[in-house]
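See below for structure-v5.cif, which holds mmCIF, C-alpha atoms.
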data_work
#
loop_
_atom_site.label_atom_id
_atom_site.label_comp_id
_atom_site.auth_asym_id
_atom_site.auth_seq_id
_atom_site.Cartn_x
_atom_site.Cartn_y
_atom_site.Cartn_z
CA MET A 1 -23.96 4.21 -6.11
CA SER A 2 -21.35 1.46 -6.36
CA ARG A 3 -21.30 -0.70 -9.44
CA ARG A 4 -19.54 -3.54 -7.62
CA ARG A 5 -21.24 -6.91 -7.58
CA SER A 6 -22.69 -7.82 -4.20
CA VAL A 7 -22.28 -11.61 -4.35
CA GLY A 8 -19.93 -12.73 -1.60
CA LEU A 9 -17.13 -15.28 -1.87
CA ARG A 10 -17.38 -18.73 -0.36
CA LEU A 11 -14.98 -19.63 2.46
CA ALA A 12 -12.68 -21.64 0.17
CA GLU A 13 -12.59 -18.73 -2.29
CA ARG A 14 -11.75 -16.23 0.47
CA VAL A 15 -8.87 -18.45 1.61
CA ALA A 16 -7.63 -18.80 -1.97
CA LEU A 17 -7.93 -15.04 -2.48
CA ARG A 18 -5.53 -14.42 0.42
CA LEU A 19 -2.98 -16.68 -1.33
CA ILE A 20 -3.59 -14.99 -4.68
CA ASP A 21 -3.20 -11.53 -3.16
CA GLY A 22 0.10 -12.58 -1.57
CA MET A 23 1.39 -13.93 -4.89
CA SER A 24 0.33 -10.73 -6.64
CA LYS A 25 2.09 -8.60 -4.05
CA ALA A 26 5.32 -10.56 -4.52
CA PHE A 27 5.17 -10.49 -8.33
CA LEU A 28 3.75 -7.02 -9.02
CA GLY A 29 4.52 -5.14 -5.84
CA PHE A 30 0.82 -4.44 -5.18
CA VAL A 31 -2.47 -6.28 -4.87
CA PRO A 32 -4.69 -5.70 -7.94
CA PRO A 33 -8.19 -4.74 -6.84
CA VAL A 34 -9.54 -6.98 -9.62
CA ASN A 35 -8.42 -10.19 -7.88
CA GLU A 36 -11.61 -10.56 -5.90
CA GLU A 37 -13.82 -10.02 -8.93
CA ALA A 38 -11.75 -12.53 -10.93
CA VAL A 39 -12.20 -15.20 -8.26
CA ARG A 40 -15.90 -14.36 -7.97
CA THR A 41 -16.43 -14.56 -11.74
CA LEU A 42 -14.14 -17.48 -12.64
CA GLY A 43 -13.75 -19.50 -9.47
CA VAL A 44 -10.36 -20.43 -8.04
CA ARG A 45 -9.34 -22.90 -10.75
CA GLY A 46 -10.63 -20.55 -13.41
CA TYR A 47 -8.62 -17.71 -11.91
CA PHE A 48 -5.36 -19.65 -12.21
CA ARG A 49 -6.15 -20.68 -15.81
CA TRP A 50 -6.97 -17.04 -16.57
CA SER A 51 -3.79 -15.77 -14.94
CA THR A 52 -1.54 -18.34 -16.61
CA SER A 53 -3.05 -17.80 -20.06
CA THR A 54 -2.82 -14.03 -19.76
CA GLY A 55 0.84 -14.25 -18.77
CA LYS A 56 1.62 -16.40 -21.79
CA VAL A 57 -0.17 -13.99 -24.12
CA MET A 58 1.73 -11.03 -22.67
CA LYS A 59 5.05 -12.79 -23.29
CA THR A 60 4.03 -13.70 -26.85
CA LEU A 61 3.08 -10.10 -27.57
CA ALA A 62 6.27 -8.70 -26.03
CA ASP A 63 8.39 -11.09 -28.11
CA GLY A 64 6.49 -10.24 -31.29
CA LEU A 65 5.84 -6.52 -30.97
CA GLY A 66 8.38 -5.25 -28.46
CA GLU A 67 8.11 -4.66 -24.72
CA ALA A 68 6.66 -1.15 -24.77
CA GLU A 69 4.59 -1.65 -27.92
CA SER A 70 2.95 -4.78 -26.52
CA GLN A 71 1.88 -2.93 -23.37
CA LEU A 72 0.36 -0.13 -25.43
CA VAL A 73 -1.47 -2.62 -27.65
CA ILE A 74 -2.84 -4.41 -24.58
CA GLY A 75 -3.80 -1.09 -23.04
CA PHE A 76 -5.74 0.07 -26.06
CA ALA A 77 -7.35 -3.35 -26.42
CA GLY A 78 -8.61 -2.96 -22.85
CA LEU A 79 -9.64 0.64 -23.42
CA TRP A 80 -11.75 -0.13 -26.47
CA LEU A 81 -13.25 -3.18 -24.83
CA GLY A 82 -14.57 -0.76 -22.24
CA CYS A 83 -12.13 -1.33 -19.37
CA GLY A 84 -10.50 1.81 -18.04
CA TYR A 85 -8.49 -0.21 -15.53
CA CYS A 86 -6.69 -2.36 -18.13
CA GLY A 87 -6.38 0.57 -20.49
CA ALA A 88 -4.78 2.90 -17.98
CA GLY A 89 -2.56 0.29 -16.32
CA HIS A 90 -1.02 -1.19 -19.44
CA ILE A 91 -0.63 2.16 -21.24
CA HIS A 92 1.07 3.43 -18.08
CA ALA A 93 3.43 0.44 -18.27
CA GLY A 94 4.21 1.15 -21.92
CA ASN A 95 4.90 4.78 -21.09
CA LEU A 96 7.26 3.79 -18.27
CA ILE A 97 9.23 1.47 -20.54
CA LEU A 98 9.66 4.17 -23.19
CA PHE A 99 10.68 6.69 -20.54
CA ARG A 100 13.19 4.22 -19.07
CA ASP A 101 14.69 3.17 -22.40
CA GLU A 102 14.46 6.35 -24.49
CA GLY A 103 13.71 9.21 -22.08
CA VAL A 104 10.46 9.79 -23.97
CA LEU A 105 7.21 11.15 -22.54
CA THR A 106 4.55 10.13 -25.04
CA PRO A 107 1.41 12.23 -25.52
CA LEU A 108 -0.54 9.37 -23.88
CA SER A 109 -0.63 10.85 -20.39
CA ASP A 110 -3.18 9.84 -17.75
CA GLU A 111 -5.28 12.88 -18.64
CA VAL A 112 -5.27 11.92 -22.32
CA ILE A 113 -6.23 8.31 -21.55
CA ASP A 114 -9.11 9.59 -19.42
CA GLU A 115 -10.18 11.72 -22.38
CA LEU A 116 -9.90 8.84 -24.86
CA TYR A 117 -11.94 6.58 -22.58
CA GLU A 118 -14.81 9.07 -22.95
CA THR A 119 -14.24 9.81 -26.66
CA PRO A 120 -16.97 8.43 -28.98
CA ASP A 121 -15.72 5.67 -31.26
CA GLU A 122 -16.28 7.68 -34.42
CA ARG A 123 -13.83 10.36 -33.19
CA ALA A 124 -11.21 8.12 -31.59
CA GLU A 125 -9.14 7.41 -34.71
CA GLY A 126 -8.83 11.08 -35.62
CA ARG A 127 -7.87 12.02 -32.08
CA LEU A 128 -5.12 9.39 -32.01
CA ARG A 129 -3.73 10.69 -35.30
CA GLU A 130 -3.54 14.16 -33.74
CA LEU A 131 -1.86 12.92 -30.57
CA LEU A 132 0.70 10.68 -32.25
CA SER A 133 1.45 12.78 -35.32
CA GLU A 134 5.23 13.06 -34.73
CA PRO A 135 7.35 10.68 -36.85
CA ARG A 136 8.86 9.07 -33.74
CA TYR A 137 5.39 7.72 -32.89
CA ALA A 138 4.63 6.29 -36.34
CA ARG A 139 5.03 2.67 -35.22
CA ILE A 140 2.93 3.17 -32.09
CA LEU A 141 0.24 5.00 -34.06
CA ALA A 142 0.04 2.21 -36.64
CA LEU A 143 -0.34 -0.43 -33.92
CA VAL A 144 -2.96 1.33 -31.82
CA LEU A 145 -4.99 2.28 -34.89
CA ARG A 146 -5.05 -1.37 -35.88
CA VAL A 147 -6.29 -2.24 -32.40
CA TYR A 148 -9.20 0.10 -33.01
CA GLN A 149 -9.80 -1.11 -36.56
CA LEU A 150 -9.66 -4.81 -35.72
CA ARG A 151 -11.95 -4.23 -32.76
CA ALA A 152 -14.35 -2.57 -35.20
CA GLY A 153 -14.36 -5.64 -37.46
CA ALA A 154 -11.47 -5.26 -39.94
CA GLU A 155 -9.90 -8.49 -41.15
CA PRO A 156 -6.36 -9.29 -39.92
CA SER A 157 -3.82 -8.95 -42.73
CA GLY A 158 -0.34 -9.49 -41.36
CA ALA A 159 1.86 -10.62 -38.49
CA ASP A 160 1.21 -7.51 -36.38
CA ASP A 161 -2.51 -7.95 -36.87
CA ASP A 162 -2.29 -11.52 -35.61
CA TYR A 163 -0.67 -10.30 -32.39
CA ILE A 164 -3.24 -7.54 -32.01
CA ALA A 165 -6.10 -9.99 -32.63
CA LEU A 166 -4.62 -12.22 -29.92
CA ALA A 167 -4.58 -9.27 -27.51
CA LEU A 168 -8.20 -8.43 -28.30
CA THR A 169 -9.32 -12.02 -27.86
CA CYS A 170 -7.47 -12.44 -24.57
CA TRP A 171 -8.54 -9.11 -23.11
CA ASP A 172 -12.13 -9.68 -24.12
CA TRP A 173 -11.89 -12.48 -21.57
CA VAL A 174 -9.85 -10.50 -19.06
CA THR A 175 -12.29 -7.59 -19.03
CA GLU A 176 -15.08 -9.88 -17.86
CA CYS A 177 -13.43 -9.39 -14.46
CA THR A 178 -11.55 -6.11 -14.66
CA ILE A 179 -14.28 -3.95 -16.16
CA VAL A 180 -16.05 -3.73 -12.79
CA GLU A 181 -13.06 -1.83 -11.38
CA GLY A 182 -12.47 0.09 -14.58
CA LEU A 183 -15.91 1.67 -14.53
CA GLU A 184 -15.03 3.79 -11.52
CA MET A 185 -11.24 4.18 -11.58
CA ARG A 186 -9.47 7.18 -13.01
CA PRO A 187 -6.25 6.52 -14.93
CA ALA A 188 -4.00 8.38 -12.50
CA THR A 189 -4.94 5.95 -9.72
CA VAL A 190 -4.00 2.79 -11.66
CA PRO A 191 -0.43 1.50 -11.28
CA PRO A 192 1.51 -0.02 -14.20
CA LEU A 193 0.12 -3.53 -14.57
CA THR A 194 3.48 -5.30 -14.81
CA PRO A 195 6.31 -6.07 -12.36
CA LEU A 196 7.71 -2.69 -13.39
CA ALA A 197 5.37 -1.35 -10.69
CA LYS A 198 8.01 -2.40 -8.13
CA ASN A 199 10.56 0.02 -9.60
CA MET A 200 9.60 2.97 -7.44
CA ALA A 201 12.64 5.02 -8.44
CA LEU A 202 11.60 4.84 -12.09
CA ARG A 203 7.97 5.61 -11.26
CA GLU A 204 8.98 8.64 -9.21
CA ARG A 205 11.24 9.97 -11.98
CA TYR A 206 8.45 9.46 -14.50
CA ALA A 207 5.91 11.23 -12.29
CA ALA A 208 8.29 14.14 -11.75
CA ALA A 209 8.88 14.42 -15.50
CA ARG A 210 5.13 14.44 -16.16
CA ALA A 211 4.65 17.12 -13.50
CA ALA A 212 7.40 19.25 -15.03
CA GLU A 213 5.82 18.76 -18.46
CA ALA A 214 2.48 19.97 -17.13
CA VAL A 215 4.05 23.11 -15.63
CA GLU A 216 5.89 23.83 -18.88
CA ARG A 217 2.63 23.47 -20.78
CA ASP A 218 0.72 25.64 -18.30
CA PRO A 219 3.08 27.71 -16.11
CA GLY A 220 0.18 28.82 -13.96
CA GLU A 221 0.03 25.31 -12.46
CA GLY A 222 3.30 25.95 -10.69
CA ASP A 223 2.06 29.12 -8.97
CA ALA A 224 -0.24 27.42 -6.46
CA GLY A 225 0.61 28.13 -2.82
#

structure tokens encoding of this file:
Amino acid sequence: MSRRRSVGLRLAERVALRLIDGMSKAFLGFVPPVNEEAVRTLGVRGYFRWSTSTGKVMKTLADGLGEAESQLVIGFAGLWLGCGYCGAGHIHAGNLILFRDEGVLTPLSDEVIDELYETPDERAEGRLRELLSEPRYARILALVLRVYQLRAGAEPSGADDDYIALALTCWDWVTECTIVEGLEMRPATVPPLTPLAKNMALRERYAAARAAEAVERDPGEGDAG
């Protein structure tokens, strides 16, 4: 059974959606499947306020936390607000940036994000500590743990916390629209939710590296056929 809402768009909203989809295609390289739900939920004017505000928040977070770190913070904010779509797409973007800049494949693969999405809250913190135990991931671990802790009600206590609280506040609003898609999507089907999605050469290199990593971890995967 589909969880999609059945309320149709008005004519003016359908016309506006065609424009929005075209703008998305030009900016991101693909049409986000959440556009229709955003227009349905917020209306056309509300959609543009939502889109503009979200863009400003993303820039603020990137300037304050770093390009890759901000995407991971946004991704985990979405994940723990219940949206698999935002979680997978922004964590994918953070992974791509780290792969591009440092040649790093973090432990936060699509399969792991799928697992974390289903992990009960009381076990999530421990699982993250296991995944990101290497010293090179200390900064990322600290940030994503604070996402979890602030989401659970901890009081902000520093500059990083202020950025994380901003991400949680903004994505609490964003997920009003995106969670409908996130309920049914698996992480591997979600593209990076930034203009980096247009860099197909990078995405292909990243996918090939993940595939090679999987074969190295389980050589039997390479014996099919």

Inset, instruction - Give the answer as one residue: which of A:Gly82, A:Gly126, A:Gly89, A:Gly158 has the shortest atom-to-atom distance to A:Ser109, using all atoms listed in the file? - result: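 Smallest distance to A:Ser109 is found for A:Gly89.
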
Inset, instruction - Measuring atom to atom with all atoms listed in the file, identify which of A:Leu81, A:Leu65, A:Arg139, A:Thr106 is nearest to A:Asp121. - result: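 Closest to A:Asp121, using all atoms listed in the file: A:Leu81.
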
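Counting from atom CA of A:Cys177, the distance to atom CA of A:Ala38 is 5.0 Å.
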
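A straight line drawn from atom CA of A:Arg203 to atom CA of A:Ile179 is 24.7 Å long.
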
Inset, instruction - Write out as a PyMOL selection string the residues lying within 10 Å of A:Ala165, counting all atoms listed in the file and excluding same-chain residues fewer than 4 positions away. - result: chain A and resi 77+146-147+150-151+155-156+159-161+169-171
